[in-house]
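Okay, structure first, notes after.
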Amino acid sequence: MAATYAQIYLETDKYGDINKKGRFYWMALGAFASKTVACSLDDARVNNPLLSTVHEGLAKGNMWLFFDISGWHWYYTRFDASFDVCVLQRDASKYVKPVKDQMEHYPWKDEALPKIKNMHEHSYIVTGFDIAKEIEGTHDIEARRRLQLEHLLAIANHEQGVILQPLIYNDPCFSTWVKIQRFPAIKLVSPVLQLAFTSACDTKDALLKSVAPTTTKLENFESRMKWISDAADRFHELMKKRTQYMEEQLNTIAGWIDVDRSTELPYVPEIVP
């Protein structure tokens, strides 16, 4: 998942356009975030029977966010001329039979789809892709950077509010365990809540990561978004001042898979004339 996000940002996926690199700015941050979740899933402090609810919730959120967000981008890169019409019509309950049959094999399908409204919610997506179009046509460097951050935050609001909040954070079992991990004694042995801007799981360089403030309540959307906005600012600054390093890390992440791009995405969206 992280690899696909990185490829979409770098425009090295099958339908990417290298001349438009940077338009899908959230995908670069998403690559680091997805990698961080994968590292958490492998962490022995999370991957144990007592925390199975947290482990499953993280896996579920990471997977269904990918199913949702990759589809919008895949369609836009192939059919940008019809995107503005079709973006309003995406609805998993109305997919053609071959696509529905494929989705029957997706983990947590029956639970996830109703909670994320069958991947139909699109208000932030419309905003984010409208900004992506502006980025494509903007050559002024500072104006482009401003638009990139606006795009990132629009997609982040979709990611966190439309997908992850109803899917995992509103789950009483998941949110209870998240709260428990803030207890002083438990916090001492729990993973640090952070986002590392590196292809490795962690780094000793404090400037290359964003650690959540101690006041962050992960299950609360507003509290979580405050940290994510701060992390986005740190990411944005690194993309400007340490461009070569960040691009190298993203290329490393993108190289984690080497398969036929036509099989990377989880489904082919129904094409609406």
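Here's how to read the names in the structure tokens: chain A, B, ... by the order shown, residue numbers from 1 in each chain, ligand numbers from 1 in the order shown.
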Need to verify the contact set: Asp68 of chain A, 12 Å, only C-alpha atoms, exclusion of same-chain residues closer than 2 positions in sequence. Can you return it as a ChimeraX atom specification?
/A:1,61-66,70-75,90-92,112-113,116-122,125,155,158-159,162-164,265-269
Quick one: residues within 8 Å of Ile135 of chain A, only C-alpha atoms, excluding same-chain residues fewer than 6 positions away - as a CSV table (one decimal) with N, CA and C atoms, in the first residue's frame?
chain,number,residue,atom,x,y,z
A,22,GLY,N,3.8,15.9,-8.3
A,22,GLY,CA,3.5,16.8,-7.3
A,22,GLY,C,2.1,17.2,-7.1
A,23,ARG,N,1.3,16.8,-8.1
A,23,ARG,CA,-0.2,17.1,-8.1
A,23,ARG,C,-0.9,16.3,-7.0
A,144,ARG,N,2.5,27.1,-6.2
A,144,ARG,CA,2.4,25.6,-6.3
A,144,ARG,C,2.5,24.9,-4.9
A,147,LEU,N,-0.7,25.5,-2.9
A,147,LEU,CA,-1.8,24.6,-3.4
A,147,LEU,C,-1.5,23.2,-3.0
A,148,GLN,N,-0.3,22.7,-3.0
A,148,GLN,CA,0.0,21.4,-2.5
A,148,GLN,C,-0.4,21.1,-1.1
Determine which residues of segment 48-143 of chain A DSSP labels as helix (DSSP H, G or I) from the backbone of this structure, then write them out as a VMD selection string.
chain A and resid 49 to 78 80 to 86 92 to 94 97 to 103 109 to 115 117 to 119 123 to 136 141 to 143
Keeping C-alpha atoms for every residue in the selection just given, could you write it to a file as a PDB file, in the first residue's frame?
ATOM      1  CA  PRO A  49      -3.473 -11.118  21.832  1.00  0.00           C
ATOM      2  CA  LEU A  50      -4.243  -8.487  24.470  1.00  0.00           C
ATOM      3  CA  LEU A  51      -4.185  -5.740  21.857  1.00  0.00           C
ATOM      4  CA  SER A  52      -5.841  -7.696  19.059  1.00  0.00           C
ATOM      5  CA  THR A  53      -8.569  -5.032  18.787  1.00  0.00           C
ATOM      6  CA  VAL A  54      -5.994  -2.316  18.147  1.00  0.00           C
ATOM      7  CA  HIS A  55      -4.040  -4.504  15.728  1.00  0.00           C
ATOM      8  CA  GLU A  56      -7.159  -5.426  13.756  1.00  0.00           C
ATOM      9  CA  GLY A  57      -8.420  -1.844  13.747  1.00  0.00           C
ATOM     10  CA  LEU A  58      -5.165  -0.498  12.349  1.00  0.00           C
ATOM     11  CA  ALA A  59      -5.084  -3.180   9.666  1.00  0.00           C
ATOM     12  CA  LYS A  60      -8.724  -2.575   8.766  1.00  0.00           C
ATOM     13  CA  GLY A  61      -8.279   1.191   8.556  1.00  0.00           C
ATOM     14  CA  ASN A  62      -5.111   0.970   6.499  1.00  0.00           C
ATOM     15  CA  MET A  63      -6.657  -1.493   4.046  1.00  0.00           C
ATOM     16  CA  TRP A  64     -10.000   0.224   3.494  1.00  0.00           C
ATOM     17  CA  LEU A  65      -8.419   3.647   3.231  1.00  0.00           C
ATOM     18  CA  PHE A  66      -6.305   2.195   0.428  1.00  0.00           C
ATOM     19  CA  PHE A  67      -9.330   0.675  -1.289  1.00  0.00           C
ATOM     20  CA  ASP A  68     -11.083   4.036  -1.160  1.00  0.00           C
ATOM     21  CA  ILE A  69      -8.317   6.519  -1.892  1.00  0.00           C
ATOM     22  CA  SER A  70      -6.489   4.580  -4.594  1.00  0.00           C
ATOM     23  CA  GLY A  71      -9.677   4.260  -6.644  1.00  0.00           C
ATOM     24  CA  TRP A  72     -10.207   8.002  -6.907  1.00  0.00           C
ATOM     25  CA  HIS A  73      -6.630   8.528  -8.064  1.00  0.00           C
ATOM     26  CA  TRP A  74      -6.620   5.576 -10.435  1.00  0.00           C
ATOM     27  CA  TYR A  75      -9.742   6.850 -12.166  1.00  0.00           C
ATOM     28  CA  TYR A  76      -8.487  10.430 -12.417  1.00  0.00           C
ATOM     29  CA  THR A  77      -5.183   9.444 -14.011  1.00  0.00           C
ATOM     30  CA  ARG A  78      -7.013   7.419 -16.657  1.00  0.00           C
ATOM     31  CA  ASP A  80      -9.660  12.944 -16.032  1.00  0.00           C
ATOM     32  CA  ALA A  81     -12.103  14.320 -18.616  1.00  0.00           C
ATOM     33  CA  SER A  82     -15.023  12.446 -17.030  1.00  0.00           C
ATOM     34  CA  PHE A  83     -13.827  12.583 -13.423  1.00  0.00           C
ATOM     35  CA  ASP A  84     -16.020  15.518 -12.406  1.00  0.00           C
ATOM     36  CA  VAL A  85     -19.118  13.583 -13.468  1.00  0.00           C
ATOM     37  CA  CYS A  86     -18.115  10.151 -12.261  1.00  0.00           C
ATOM     38  CA  ALA A  92     -19.894   0.279  -4.129  1.00  0.00           C
ATOM     39  CA  SER A  93     -23.471  -0.951  -3.788  1.00  0.00           C
ATOM     40  CA  LYS A  94     -24.014  -0.160  -7.487  1.00  0.00           C
ATOM     41  CA  LYS A  97     -21.313  -7.734 -10.968  1.00  0.00           C
ATOM     42  CA  PRO A  98     -17.656  -8.668 -11.733  1.00  0.00           C
ATOM     43  CA  VAL A  99     -16.463  -5.911  -9.421  1.00  0.00           C
ATOM     44  CA  LYS A 100     -18.949  -6.853  -6.710  1.00  0.00           C
ATOM     45  CA  ASP A 101     -17.867 -10.470  -6.976  1.00  0.00           C
ATOM     46  CA  GLN A 102     -14.243  -9.459  -6.476  1.00  0.00           C
ATOM     47  CA  MET A 103     -15.131  -7.334  -3.476  1.00  0.00           C
ATOM     48  CA  LYS A 109     -16.350  -5.851   3.701  1.00  0.00           C
ATOM     49  CA  ASP A 110     -19.740  -6.215   5.405  1.00  0.00           C
ATOM     50  CA  GLU A 111     -18.669  -4.059   8.312  1.00  0.00           C
ATOM     51  CA  ALA A 112     -16.616  -1.494   6.421  1.00  0.00           C
ATOM     52  CA  LEU A 113     -18.769  -0.529   3.446  1.00  0.00           C
ATOM     53  CA  PRO A 114     -21.818   0.705   5.413  1.00  0.00           C
ATOM     54  CA  LYS A 115     -19.581   2.710   7.741  1.00  0.00           C
ATOM     55  CA  LYS A 117     -21.011   4.948   2.930  1.00  0.00           C
ATOM     56  CA  ASN A 118     -20.030   2.558   0.143  1.00  0.00           C
ATOM     57  CA  MET A 119     -17.146   4.878  -0.791  1.00  0.00           C
ATOM     58  CA  SER A 123     -16.932  16.401  -0.843  1.00  0.00           C
ATOM     59  CA  TYR A 124     -13.277  16.570   0.240  1.00  0.00           C
ATOM     60  CA  ILE A 125     -12.278  14.481  -2.771  1.00  0.00           C
ATOM     61  CA  VAL A 126     -13.825  17.028  -5.133  1.00  0.00           C
ATOM     62  CA  THR A 127     -11.978  19.818  -3.347  1.00  0.00           C
ATOM     63  CA  GLY A 128      -8.696  17.921  -3.344  1.00  0.00           C
ATOM     64  CA  PHE A 129      -8.826  17.070  -7.036  1.00  0.00           C
ATOM     65  CA  ASP A 130      -9.926  20.569  -8.013  1.00  0.00           C
ATOM     66  CA  ILE A 131      -6.746  21.757  -6.312  1.00  0.00           C
ATOM     67  CA  ALA A 132      -4.740  19.019  -8.053  1.00  0.00           C
ATOM     68  CA  LYS A 133      -5.927  20.462 -11.368  1.00  0.00           C
ATOM     69  CA  GLU A 134      -4.721  23.891 -10.278  1.00  0.00           C
ATOM     70  CA  ILE A 135      -1.354  22.408  -9.368  1.00  0.00           C
ATOM     71  CA  GLU A 136      -1.082  20.909 -12.856  1.00  0.00           C
ATOM     72  CA  ILE A 141       6.910  27.634  -7.238  1.00  0.00           C
ATOM     73  CA  GLU A 142       5.477  29.337  -4.142  1.00  0.00           C
ATOM     74  CA  ALA A 143       1.919  29.272  -5.467  1.00  0.00           C
TER      75      ALA A 143
END
Can you build me a table of segment 108-160 of chain A residues sitting at most 12 Å from segment 220-234 of chain A, with the closest atom pair per residue and its distance in Å to one decimal, using only C-alpha atoms, sorted by chain and residue number, as CSV?
residue,atom,partner,partner_atom,distance
A:Arg145,CA,A:Asp233,CA,11.5
A:Arg146,CA,A:Asp233,CA,11.2
A:Gln148,CA,A:Ala232,CA,10.7
A:Leu149,CA,A:Ala232,CA,7.7
A:Glu150,CA,A:Ala232,CA,10.3
A:His151,CA,A:Ala232,CA,11.1
A:Leu152,CA,A:Ala232,CA,7.8
A:Leu153,CA,A:Ser229,CA,7.4
A:Ala154,CA,A:Ser229,CA,10.8
A:Ile155,CA,A:Ala232,CA,11.6
A:Ala156,CA,A:Ile228,CA,8.2
A:Asn157,CA,A:Met225,CA,7.9
A:His158,CA,A:Met225,CA,11.2
A:Glu159,CA,A:Met225,CA,10.5
A:Gln160,CA,A:Phe221,CA,7.3
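Excluding Thr176 of chain A and any residue on its chain fewer than 5 positions from it, the residues at most 9 Å away by only C-alpha atoms are Asp171, Gln181 and Glu219 of chain A.
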Residues near Ala33 of chain A, anyone? I mean within 9 Å using only C-alpha atoms, not counting same-chain ones fewer than 6 positions away, as an mmCIF file with C-alpha atoms, in the first residue's frame.
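Result file is part-v4.cif:
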data_model
loop_
_atom_site.group_PDB
_atom_site.id
_atom_site.type_symbol
_atom_site.label_atom_id
_atom_site.label_comp_id
_atom_site.auth_asym_id
_atom_site.auth_seq_id
_atom_site.Cartn_x
_atom_site.Cartn_y
_atom_site.Cartn_z
ATOM 1 C CA ALA A 2 2.753 2.441 0.957
ATOM 2 C CA LEU A 195 5.150 9.681 12.003
ATOM 3 C CA ALA A 196 8.685 9.142 10.696
ATOM 4 C CA PHE A 197 9.576 10.619 7.304
#
